[in-house]
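Data file: entry.cif. Format and content: mmCIF, N, CA and C atoms.
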```cif
data_structure
#
loop_
_atom_site.label_atom_id
_atom_site.label_comp_id
_atom_site.auth_asym_id
_atom_site.auth_seq_id
_atom_site.Cartn_x
_atom_site.Cartn_y
_atom_site.Cartn_z
N ILE A 167 44.16 48.27 102.69
CA ILE A 167 44.84 49.34 103.41
C ILE A 167 46.28 49.36 102.95
N PHE A 168 46.73 50.52 102.51
CA PHE A 168 48.12 50.62 102.08
C PHE A 168 48.93 51.60 102.93
N TYR A 169 48.27 52.29 103.85
CA TYR A 169 48.99 53.16 104.78
C TYR A 169 48.20 53.25 106.07
N LEU A 170 48.92 53.18 107.20
CA LEU A 170 48.34 53.33 108.52
C LEU A 170 49.25 54.25 109.32
N ASP A 171 48.69 55.29 109.93
CA ASP A 171 49.53 56.22 110.69
C ASP A 171 49.97 55.60 112.02
N ALA A 172 50.81 56.31 112.75
CA ALA A 172 51.39 55.79 113.99
C ALA A 172 50.34 55.47 115.05
N SER A 173 49.22 56.17 115.03
CA SER A 173 48.16 55.91 116.02
C SER A 173 47.41 54.62 115.72
N GLY A 174 47.49 54.16 114.47
CA GLY A 174 46.74 52.99 114.05
C GLY A 174 45.27 53.26 113.83
N CYS A 175 44.88 54.53 113.92
CA CYS A 175 43.47 54.90 113.79
C CYS A 175 43.13 55.55 112.45
N HIS A 176 44.14 56.03 111.74
CA HIS A 176 43.90 56.73 110.48
C HIS A 176 44.79 56.15 109.39
N GLY A 177 44.25 56.11 108.19
CA GLY A 177 45.05 55.56 107.12
C GLY A 177 44.44 55.81 105.76
N LEU A 178 44.95 55.08 104.79
CA LEU A 178 44.51 55.18 103.40
C LEU A 178 44.21 53.79 102.87
N VAL A 179 43.15 53.69 102.11
CA VAL A 179 42.76 52.42 101.52
C VAL A 179 42.54 52.63 100.02
N ALA A 180 42.97 51.66 99.24
CA ALA A 180 42.77 51.70 97.78
C ALA A 180 41.55 50.89 97.41
N ALA A 181 40.88 51.30 96.36
CA ALA A 181 39.79 50.48 95.82
C ALA A 181 40.38 49.14 95.39
N PRO A 182 39.62 48.06 95.48
CA PRO A 182 40.16 46.73 95.17
C PRO A 182 40.44 46.49 93.68
N THR A 183 39.86 47.31 92.81
CA THR A 183 40.07 47.17 91.37
C THR A 183 40.25 48.55 90.75
N ASP A 184 40.70 48.59 89.51
CA ASP A 184 40.86 49.85 88.78
C ASP A 184 39.49 50.41 88.41
N GLN A 185 39.40 51.74 88.41
CA GLN A 185 38.17 52.40 87.97
C GLN A 185 38.18 52.68 86.48
N SER A 186 39.36 52.64 85.88
CA SER A 186 39.47 52.83 84.43
C SER A 186 40.80 52.23 83.97
N THR A 187 40.79 51.71 82.75
CA THR A 187 42.02 51.21 82.15
C THR A 187 42.53 52.16 81.08
N GLY A 188 41.90 53.33 80.97
CA GLY A 188 42.37 54.31 80.00
C GLY A 188 41.48 55.53 79.96
N THR A 189 41.81 56.52 80.76
CA THR A 189 41.07 57.78 80.74
C THR A 189 42.05 58.94 80.82
N GLN A 190 41.59 60.11 80.38
CA GLN A 190 42.42 61.30 80.40
C GLN A 190 42.39 61.96 81.77
N TRP A 191 43.43 62.74 82.06
CA TRP A 191 43.48 63.49 83.32
C TRP A 191 42.54 64.69 83.27
N TYR A 192 42.43 65.31 82.11
CA TYR A 192 41.65 66.53 81.98
C TYR A 192 40.35 66.30 81.23
N ASN A 193 39.51 67.33 81.20
CA ASN A 193 38.23 67.26 80.49
C ASN A 193 38.26 68.05 79.19
N GLY A 194 39.44 68.16 78.57
CA GLY A 194 39.53 68.80 77.27
C GLY A 194 40.00 70.25 77.29
N SER A 195 40.24 70.82 78.46
CA SER A 195 40.70 72.20 78.55
C SER A 195 41.97 72.26 79.39
N TYR A 196 42.92 73.03 78.91
CA TYR A 196 44.16 73.23 79.65
C TYR A 196 43.94 74.37 80.65
N ILE A 197 43.63 73.99 81.87
CA ILE A 197 43.35 74.95 82.94
C ILE A 197 44.18 74.56 84.15
N ALA A 198 44.98 75.49 84.66
CA ALA A 198 45.73 75.21 85.89
C ALA A 198 44.74 75.04 87.03
N THR A 199 44.88 73.97 87.78
CA THR A 199 43.93 73.66 88.84
C THR A 199 44.49 73.89 90.24
N THR A 200 45.75 74.21 90.35
CA THR A 200 46.48 74.34 91.62
C THR A 200 46.49 73.04 92.42
N ALA A 201 46.36 71.92 91.75
CA ALA A 201 46.38 70.60 92.40
C ALA A 201 47.82 70.11 92.48
N TYR A 202 48.62 70.78 93.30
CA TYR A 202 50.05 70.48 93.35
C TYR A 202 50.46 69.61 94.53
N GLY A 203 49.52 69.24 95.40
CA GLY A 203 49.84 68.41 96.55
C GLY A 203 50.41 67.07 96.13
N SER A 204 51.52 66.67 96.72
CA SER A 204 52.16 65.43 96.29
C SER A 204 52.31 64.40 97.40
N GLY A 205 51.97 64.74 98.63
CA GLY A 205 52.18 63.83 99.75
C GLY A 205 50.96 63.02 100.13
N LEU A 206 51.11 62.30 101.23
CA LEU A 206 50.00 61.50 101.76
C LEU A 206 48.88 62.42 102.23
N PHE A 207 47.65 62.00 101.99
CA PHE A 207 46.43 62.72 102.35
C PHE A 207 46.24 64.01 101.55
N GLU A 208 47.00 64.22 100.49
CA GLU A 208 46.85 65.45 99.68
C GLU A 208 46.03 65.24 98.41
N GLY A 209 45.79 63.99 98.04
CA GLY A 209 45.02 63.71 96.84
C GLY A 209 43.58 64.17 96.93
N LYS A 210 43.01 64.15 98.13
CA LYS A 210 41.62 64.56 98.29
C LYS A 210 41.44 66.02 97.91
N TYR A 211 42.32 66.89 98.43
CA TYR A 211 42.26 68.32 98.09
C TYR A 211 42.50 68.51 96.58
N ASN A 212 43.50 67.81 96.06
CA ASN A 212 43.79 67.91 94.63
C ASN A 212 42.55 67.58 93.80
N THR A 213 41.87 66.49 94.17
CA THR A 213 40.70 66.05 93.42
C THR A 213 39.60 67.10 93.45
N VAL A 214 39.37 67.71 94.60
CA VAL A 214 38.38 68.78 94.72
C VAL A 214 38.73 69.92 93.77
N MET A 215 40.00 70.31 93.75
CA MET A 215 40.43 71.43 92.91
C MET A 215 40.31 71.07 91.42
N ILE A 216 40.70 69.86 91.05
CA ILE A 216 40.59 69.44 89.65
C ILE A 216 39.14 69.50 89.19
N ASN A 217 38.25 68.94 89.99
CA ASN A 217 36.83 68.92 89.62
C ASN A 217 36.24 70.32 89.59
N ALA A 218 36.68 71.19 90.49
CA ALA A 218 36.17 72.56 90.51
C ALA A 218 36.59 73.33 89.25
N TYR A 219 37.83 73.17 88.85
CA TYR A 219 38.34 73.90 87.69
C TYR A 219 38.02 73.22 86.36
N GLN A 220 38.06 71.90 86.32
CA GLN A 220 37.86 71.16 85.08
C GLN A 220 36.39 70.82 84.80
N GLY A 221 35.64 70.51 85.84
CA GLY A 221 34.26 70.08 85.65
C GLY A 221 34.21 68.77 84.89
N GLY A 222 33.04 68.43 84.38
CA GLY A 222 32.88 67.22 83.59
C GLY A 222 32.71 65.97 84.42
N SER A 223 32.65 64.84 83.72
CA SER A 223 32.41 63.57 84.41
C SER A 223 33.32 62.44 83.93
N THR A 224 34.20 62.72 82.97
CA THR A 224 35.01 61.64 82.39
C THR A 224 36.49 61.71 82.73
N SER A 225 36.92 62.74 83.43
CA SER A 225 38.34 62.84 83.79
C SER A 225 38.65 61.83 84.89
N ALA A 226 39.93 61.58 85.11
CA ALA A 226 40.35 60.65 86.15
C ALA A 226 39.81 61.06 87.51
N ALA A 227 39.91 62.36 87.84
CA ALA A 227 39.43 62.84 89.14
C ALA A 227 37.91 62.70 89.26
N ALA A 228 37.18 63.02 88.20
CA ALA A 228 35.73 62.92 88.23
C ALA A 228 35.27 61.47 88.40
N ILE A 229 35.96 60.55 87.76
CA ILE A 229 35.61 59.13 87.90
C ILE A 229 35.77 58.69 89.35
N CYS A 230 36.87 59.10 89.97
CA CYS A 230 37.11 58.69 91.36
C CYS A 230 36.12 59.33 92.32
N SER A 231 35.87 60.61 92.16
CA SER A 231 34.98 61.29 93.11
C SER A 231 33.52 60.90 92.96
N SER A 232 33.15 60.30 91.84
CA SER A 232 31.76 59.85 91.67
C SER A 232 31.59 58.38 92.07
N LEU A 233 32.66 57.75 92.50
CA LEU A 233 32.61 56.33 92.86
C LEU A 233 31.85 56.11 94.16
N MET A 234 30.96 55.14 94.16
CA MET A 234 30.28 54.67 95.36
C MET A 234 30.68 53.21 95.51
N LEU A 235 31.41 52.90 96.57
CA LEU A 235 31.95 51.56 96.74
C LEU A 235 32.04 51.23 98.22
N GLY A 236 31.54 50.06 98.60
CA GLY A 236 31.61 49.61 99.98
C GLY A 236 30.85 50.50 100.95
N GLY A 237 29.84 51.21 100.45
CA GLY A 237 29.07 52.12 101.29
C GLY A 237 29.71 53.48 101.47
N TYR A 238 30.80 53.74 100.75
CA TYR A 238 31.51 55.02 100.87
C TYR A 238 31.45 55.79 99.55
N ASP A 239 31.32 57.11 99.68
CA ASP A 239 31.28 57.97 98.49
C ASP A 239 32.34 59.08 98.56
N ASP A 240 33.40 58.86 99.36
CA ASP A 240 34.44 59.88 99.52
C ASP A 240 35.76 59.46 98.87
N TRP A 241 35.68 58.75 97.77
CA TRP A 241 36.86 58.30 97.03
C TRP A 241 37.45 59.46 96.26
N TYR A 242 38.74 59.39 96.01
CA TYR A 242 39.42 60.45 95.26
C TYR A 242 40.60 59.89 94.47
N LEU A 243 41.12 60.71 93.56
CA LEU A 243 42.29 60.36 92.76
C LEU A 243 43.53 60.60 93.62
N PRO A 244 44.37 59.59 93.83
CA PRO A 244 45.50 59.73 94.74
C PRO A 244 46.57 60.70 94.23
N SER A 245 47.28 61.30 95.18
CA SER A 245 48.44 62.13 94.84
C SER A 245 49.57 61.21 94.37
N ILE A 246 50.62 61.79 93.83
CA ILE A 246 51.75 60.99 93.37
C ILE A 246 52.41 60.26 94.55
N GLY A 247 52.46 60.89 95.70
CA GLY A 247 53.01 60.25 96.90
C GLY A 247 52.17 59.09 97.38
N GLU A 248 50.86 59.21 97.24
CA GLU A 248 49.97 58.11 97.63
C GLU A 248 50.12 56.93 96.67
N LEU A 249 50.30 57.21 95.38
CA LEU A 249 50.55 56.12 94.42
C LEU A 249 51.86 55.40 94.73
N ASP A 250 52.89 56.16 95.08
CA ASP A 250 54.16 55.56 95.44
C ASP A 250 54.00 54.66 96.67
N GLU A 251 53.24 55.12 97.63
CA GLU A 251 52.98 54.33 98.85
C GLU A 251 52.22 53.04 98.49
N MET A 252 51.28 53.11 97.56
CA MET A 252 50.57 51.90 97.11
C MET A 252 51.54 50.92 96.47
N TYR A 253 52.39 51.43 95.59
CA TYR A 253 53.37 50.58 94.92
C TYR A 253 54.25 49.87 95.94
N GLU A 254 54.73 50.61 96.94
CA GLU A 254 55.65 50.08 97.94
C GLU A 254 54.99 49.11 98.92
N ASN A 255 53.69 49.28 99.19
CA ASN A 255 53.05 48.48 100.24
C ASN A 255 52.10 47.40 99.75
N ILE A 256 51.38 47.65 98.65
CA ILE A 256 50.45 46.62 98.16
C ILE A 256 50.64 46.33 96.68
N GLY A 257 51.58 47.01 96.05
CA GLY A 257 51.85 46.80 94.63
C GLY A 257 53.04 45.88 94.42
N PRO A 258 53.50 45.79 93.19
CA PRO A 258 54.60 44.88 92.87
C PRO A 258 55.93 45.27 93.52
N GLY A 259 56.03 46.46 94.09
CA GLY A 259 57.28 46.89 94.71
C GLY A 259 57.34 46.67 96.21
N ASN A 260 56.35 45.96 96.78
CA ASN A 260 56.32 45.84 98.24
C ASN A 260 57.52 45.08 98.78
N ALA A 261 58.02 45.59 99.87
CA ALA A 261 59.25 45.07 100.48
C ALA A 261 59.04 43.75 101.21
N LEU A 262 57.81 43.39 101.48
CA LEU A 262 57.53 42.16 102.23
C LEU A 262 57.53 40.92 101.34
N GLY A 263 57.64 41.13 100.04
CA GLY A 263 57.64 39.99 99.13
C GLY A 263 56.29 39.33 98.97
N LEU A 264 55.24 40.09 99.20
CA LEU A 264 53.88 39.55 99.11
C LEU A 264 53.36 39.49 97.68
N GLY A 265 54.09 40.08 96.77
CA GLY A 265 53.60 40.15 95.40
C GLY A 265 52.66 41.33 95.23
N ASN A 266 52.00 41.39 94.13
CA ASN A 266 51.13 42.49 93.75
C ASN A 266 49.73 42.26 94.34
N VAL A 267 49.59 42.42 95.66
CA VAL A 267 48.32 42.14 96.31
C VAL A 267 47.22 43.12 95.91
N GLY A 268 47.59 44.28 95.40
CA GLY A 268 46.60 45.25 94.94
C GLY A 268 46.09 44.97 93.53
N GLY A 269 46.70 44.00 92.85
CA GLY A 269 46.26 43.65 91.51
C GLY A 269 46.48 44.75 90.49
N PHE A 270 47.55 45.52 90.64
CA PHE A 270 47.81 46.62 89.72
C PHE A 270 48.38 46.11 88.39
N ALA A 271 47.97 46.77 87.32
CA ALA A 271 48.53 46.46 86.00
C ALA A 271 49.95 47.01 85.94
N ALA A 272 50.79 46.40 85.15
CA ALA A 272 52.16 46.91 84.94
C ALA A 272 52.07 48.05 83.93
N ASP A 273 51.43 49.13 84.35
CA ASP A 273 51.11 50.23 83.44
C ASP A 273 51.16 51.56 84.20
N PHE A 274 50.79 52.63 83.50
CA PHE A 274 50.78 53.98 84.04
C PHE A 274 49.47 54.25 84.76
N TYR A 275 49.54 54.87 85.94
CA TYR A 275 48.37 55.27 86.72
C TYR A 275 48.43 56.78 86.96
N TRP A 276 47.32 57.46 86.65
CA TRP A 276 47.25 58.89 86.89
C TRP A 276 47.27 59.20 88.38
N SER A 277 47.96 60.28 88.72
CA SER A 277 47.85 60.85 90.06
C SER A 277 47.03 62.12 89.95
N SER A 278 46.67 62.67 91.09
CA SER A 278 45.96 63.95 91.10
C SER A 278 46.93 65.13 91.13
N THR A 279 48.22 64.86 91.16
CA THR A 279 49.22 65.92 91.27
C THR A 279 49.52 66.53 89.91
N GLU A 280 49.19 67.78 89.76
CA GLU A 280 49.41 68.50 88.50
C GLU A 280 50.86 68.98 88.43
N TYR A 281 51.44 68.88 87.26
CA TYR A 281 52.79 69.41 87.03
C TYR A 281 52.70 70.87 86.58
N ASP A 282 51.86 71.11 85.57
CA ASP A 282 51.55 72.46 85.09
C ASP A 282 50.24 72.37 84.32
N SER A 283 49.90 73.38 83.56
CA SER A 283 48.61 73.40 82.85
C SER A 283 48.47 72.32 81.78
N PHE A 284 49.57 71.71 81.36
CA PHE A 284 49.54 70.74 80.27
C PHE A 284 49.91 69.32 80.70
N TYR A 285 50.61 69.18 81.82
CA TYR A 285 51.12 67.88 82.26
C TYR A 285 50.73 67.59 83.70
N SER A 286 50.57 66.31 84.01
CA SER A 286 50.33 65.87 85.38
C SER A 286 51.16 64.62 85.64
N TRP A 287 51.38 64.34 86.91
CA TRP A 287 52.23 63.22 87.30
C TRP A 287 51.48 61.90 87.19
N TYR A 288 52.20 60.88 86.76
CA TYR A 288 51.69 59.50 86.76
C TYR A 288 52.73 58.62 87.45
N PHE A 289 52.31 57.43 87.85
CA PHE A 289 53.22 56.45 88.45
C PHE A 289 53.18 55.20 87.60
N TYR A 290 54.35 54.71 87.24
CA TYR A 290 54.45 53.50 86.42
C TYR A 290 54.63 52.28 87.33
N PHE A 291 53.59 51.47 87.44
CA PHE A 291 53.61 50.29 88.30
C PHE A 291 54.41 49.14 87.72
N GLY A 292 54.83 49.24 86.47
CA GLY A 292 55.66 48.21 85.87
C GLY A 292 57.07 48.21 86.44
N LEU A 293 57.66 49.41 86.63
CA LEU A 293 59.03 49.52 87.13
C LEU A 293 59.16 50.37 88.39
N GLY A 294 58.06 51.00 88.83
CA GLY A 294 58.08 51.74 90.08
C GLY A 294 58.72 53.11 90.03
N TYR A 295 58.32 53.93 89.08
CA TYR A 295 58.83 55.30 89.05
C TYR A 295 57.73 56.28 88.67
N ALA A 296 57.95 57.55 89.02
CA ALA A 296 57.02 58.62 88.69
C ALA A 296 57.58 59.48 87.58
N ASN A 297 56.70 60.03 86.78
CA ASN A 297 57.06 60.97 85.73
C ASN A 297 55.81 61.77 85.42
N PHE A 298 55.90 62.72 84.51
CA PHE A 298 54.69 63.45 84.14
C PHE A 298 54.35 63.18 82.69
N GLY A 299 53.05 63.14 82.43
CA GLY A 299 52.54 62.89 81.09
C GLY A 299 51.57 63.97 80.67
N HIS A 300 51.33 64.03 79.38
CA HIS A 300 50.39 65.01 78.83
C HIS A 300 48.99 64.68 79.33
N GLN A 301 48.25 65.69 79.71
CA GLN A 301 46.93 65.48 80.32
C GLN A 301 45.92 64.81 79.40
N TYR A 302 46.18 64.78 78.10
CA TYR A 302 45.27 64.08 77.21
C TYR A 302 45.63 62.61 77.04
N ASP A 303 46.77 62.18 77.59
CA ASP A 303 47.12 60.76 77.54
C ASP A 303 46.09 59.96 78.34
N THR A 304 45.92 58.70 77.97
CA THR A 304 44.97 57.85 78.68
C THR A 304 45.72 56.80 79.49
N TYR A 305 45.55 56.87 80.80
CA TYR A 305 46.22 55.98 81.75
C TYR A 305 45.19 55.32 82.66
N TYR A 306 45.65 54.36 83.42
CA TYR A 306 44.81 53.68 84.41
C TYR A 306 44.45 54.64 85.54
N VAL A 307 43.37 54.27 86.27
CA VAL A 307 42.92 55.04 87.42
C VAL A 307 42.54 54.08 88.54
N ARG A 308 43.05 54.37 89.74
CA ARG A 308 42.68 53.60 90.95
C ARG A 308 42.33 54.62 92.04
N ALA A 309 41.10 54.55 92.54
CA ALA A 309 40.64 55.48 93.57
C ALA A 309 41.14 55.06 94.95
N VAL A 310 41.24 56.05 95.83
CA VAL A 310 41.60 55.81 97.23
C VAL A 310 40.67 56.63 98.12
N ARG A 311 40.69 56.31 99.40
CA ARG A 311 39.96 57.11 100.39
C ARG A 311 40.74 57.08 101.69
N SER A 312 40.54 58.11 102.50
CA SER A 312 41.18 58.17 103.81
C SER A 312 40.13 57.85 104.87
N TYR A 313 40.62 57.43 106.02
CA TYR A 313 39.73 57.16 107.15
C TYR A 313 40.41 57.53 108.45
#
```

Starting from the file, give its structure as C-alpha cells.
Amino acid sequence: IFYLDASGCHGLVAAPTDQSTGTQWYNGSYIATTAYGSGLFEGKYNTVMINAYQGGSTSAAAICSSLMLGGYDDWYLPSIGELDEMYENIGPGNALGLGNVGGFAADFYWSSTEYDSFYSWYFYFGLGYANFGHQYDTYYVRAVRSY
C-alpha cells in the first residue's frame, strides 16, 4: 500500500514486482489517447483510454491491464502522480527512511499520463523526478490497483 485516504478505507497498492524491465508506451502508432490524468486515482481511466485507442497487448498499459495477481484483475498503469506517490512512500525517496521497500530499480518507469501524441510522462526512481519520453522508448513498468 502506498496511499491511504483519510477514511482509511480506500487507497492504492503497487504490485510487489515490476511487470516489465523494458517495454514501449505505445503499440507502434502515434495516436492521441486523451490519457492526460496526472493525479491520484487517474491512472485507471488513462489505462482504459490508452488500450481503447492503441489496442495491442505489448504496450505498458496493456501489460498492466492484463495482469492477474493476488486474485485481482483490475491492475492498471499508474498516472505520473501515482508514481510520484510510490517514490515518496515506498520507493527510495520515502521520508520515513525505510529504504526502497517497493524494490524499484533506479531507472525510468512509464506512467499512463500522455504528454502529446508522441511523448508520455515517466518517473525516474534513481533521482526522483518526472519528465516525458518518446513513446517508443523502453522503460520499466509497475502496475497498481485501487481499492

Checklist outcome for this item: In terms of only C-alpha atoms, the residue from A:Gly268, A:Gly247, A:Pro258, A:Gly263 at minimal distance from Thr183 of chain A is A:Gly268

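Relative to atom CA of Tyr288 of chain A, atom CA of Tyr305 of chain A is found at 8.2 Å.
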
Next on the checklist: Just want the 7 Å neighbourhood of Ala272 of chain A, counted on all atoms listed in the file, with same-chain residues fewer than 3 positions away dropped. Output as an MDAnalysis selection string.
Outcome noted: chainID A and resid 290:293

Keeping only N, CA and C atoms, write those residues as an mmCIF file, keeping the file's coordinate frame.
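Below is the file that was written, out-v9.cif:
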```
data_model
loop_
_atom_site.group_PDB
_atom_site.id
_atom_site.type_symbol
_atom_site.label_atom_id
_atom_site.label_comp_id
_atom_site.auth_asym_id
_atom_site.auth_seq_id
_atom_site.Cartn_x
_atom_site.Cartn_y
_atom_site.Cartn_z
ATOM 1 N N TYR A 290 54.350 54.710 87.240
ATOM 2 C CA TYR A 290 54.450 53.500 86.420
ATOM 3 C C TYR A 290 54.630 52.280 87.330
ATOM 4 N N PHE A 291 53.590 51.470 87.440
ATOM 5 C CA PHE A 291 53.610 50.290 88.300
ATOM 6 C C PHE A 291 54.410 49.140 87.720
ATOM 7 N N GLY A 292 54.830 49.240 86.470
ATOM 8 C CA GLY A 292 55.660 48.210 85.870
ATOM 9 C C GLY A 292 57.070 48.210 86.440
ATOM 10 N N LEU A 293 57.660 49.410 86.630
ATOM 11 C CA LEU A 293 59.030 49.520 87.130
ATOM 12 C C LEU A 293 59.160 50.370 88.390
#
```

Could you list, with a cut-off of 8 Å and counting only C-alpha atoms, the residues of segment 224-270 of chain A near segment 176-182 of chain A, each shown with its nearest atom pair and the distance in Å rounded to one decimal, rows sorted by chain and ascending number, as JSON lines?
```
{"residue": "A:Leu235", "atom": "CA", "partner": "A:Ala181", "partner_atom": "CA", "distance": 8.0}
{"residue": "A:Met252", "atom": "CA", "partner": "A:Ala180", "partner_atom": "CA", "distance": 7.8}
{"residue": "A:Gly268", "atom": "CA", "partner": "A:Pro182", "partner_atom": "CA", "distance": 6.6}
{"residue": "A:Gly269", "atom": "CA", "partner": "A:Pro182", "partner_atom": "CA", "distance": 7.8}
```

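Take the candidates A:Phe168, A:Tyr275, A:Tyr302, A:Tyr242 and check each one against Asn193 of chain A using all atoms listed in the file; the shortest distance goes to A:Tyr302.
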
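For the residues A:Gly299, A:Thr279, A:Ala226, A:Asp171, ranking by smallest atom-to-atom distance to Thr200 of chain A using only N, CA and C atoms places A:Thr279 first.
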
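If you count all atoms listed in the file and ignore residues fewer than 6 places along the chain from Arg308 of chain A, what sits within 6 Å of it is Ala181, Thr183, Asp184, Gln185, Ser186, Leu243 and Pro244 of chain A.
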
Prev. selection, N, CA and C atoms, output as a compact mmCIF listing (two decimals), keeping the file's coordinate frame:
```
# COMPACT_ATOMS: atom_id res chain seq x y z
N ALA A 181 40.88 51.30 96.36
CA ALA A 181 39.79 50.48 95.82
C ALA A 181 40.38 49.14 95.39
N THR A 183 39.86 47.31 92.81
CA THR A 183 40.07 47.17 91.37
C THR A 183 40.25 48.55 90.75
N ASP A 184 40.70 48.59 89.51
CA ASP A 184 40.86 49.85 88.78
C ASP A 184 39.49 50.41 88.41
N GLN A 185 39.40 51.74 88.41
CA GLN A 185 38.17 52.40 87.97
C GLN A 185 38.18 52.68 86.48
N SER A 186 39.36 52.64 85.88
CA SER A 186 39.47 52.83 84.43
C SER A 186 40.80 52.23 83.97
N LEU A 243 41.12 60.71 93.56
CA LEU A 243 42.29 60.36 92.76
C LEU A 243 43.53 60.60 93.62
N PRO A 244 44.37 59.59 93.83
CA PRO A 244 45.50 59.73 94.74
C PRO A 244 46.57 60.70 94.23
```

Next on the checklist: I need the residues of segment 182-227 of chain A that end up classed as alpha helix (DSSP H) by DSSP on the backbone, written out as a ChimeraX atom specification.
Outcome noted: /A:209-220,226-227

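Of the residues listed (A:Val267, A:Leu206, A:Val214, A:Ile229), A:Leu206 shows the shortest atom-to-atom separation from Glu248 of chain A; distances use all atoms listed in the file.
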
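Using only C-alpha atoms, the shortest contact distance between Glu254 of chain A and any of A:Gly209, A:Gly237, A:Gly294, A:Gly174 is found at A:Gly294.
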
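Across the structure, atom CA of Asp240 of chain A and atom CA of Ser312 of chain A are spaced 8.2 Å apart.
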
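Comparing the minimum interatomic distances between Tyr169 of chain A and each of A:Asn260, A:Asn297, A:Asn217, A:Asn255, counting only C-alpha atoms, we find that A:Asn255 sits nearest.
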
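On the backbone of this structure, DSSP gives strand (DSSP E or B) within segment 184-273 of chain A to Ser186, Thr187, Gly188, Thr189, Leu235, Tyr238 and Tyr242 of chain A.
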
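Going from atom C of Ile197 of chain A over to atom N of Ser277 of chain A, you cover 15.5 Å.
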
Checklist entry - Written as a list in words, what is the full residue list that the PyMOL selection byres ((chain A and resi 188) around 6) yields on the file shown? => result Ser186, Thr187, Thr189, Gln190, Thr304, Tyr305, Tyr306 and Val307 of chain A

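The neighbours of Ile216 of chain A here are the residues that come within 7 Å of it, using only N, CA and C atoms and leaving out any residue fewer than 3 positions away in the same chain; they are A:Thr199, A:Thr200, A:Ala201, A:Tyr211, A:Asn212, A:Thr213, A:Tyr219, A:Gln220, A:Gly221, A:Ala227, A:Ala228.
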
Checklist entry - So which residues fall inside 6.5 Å of (49.3, 63.5, 84.5) if we count all atoms listed in the file? Mind giving them as a PyMOL selection string? => result chain A and resi 191+276-277+279-281+285-288+298-301
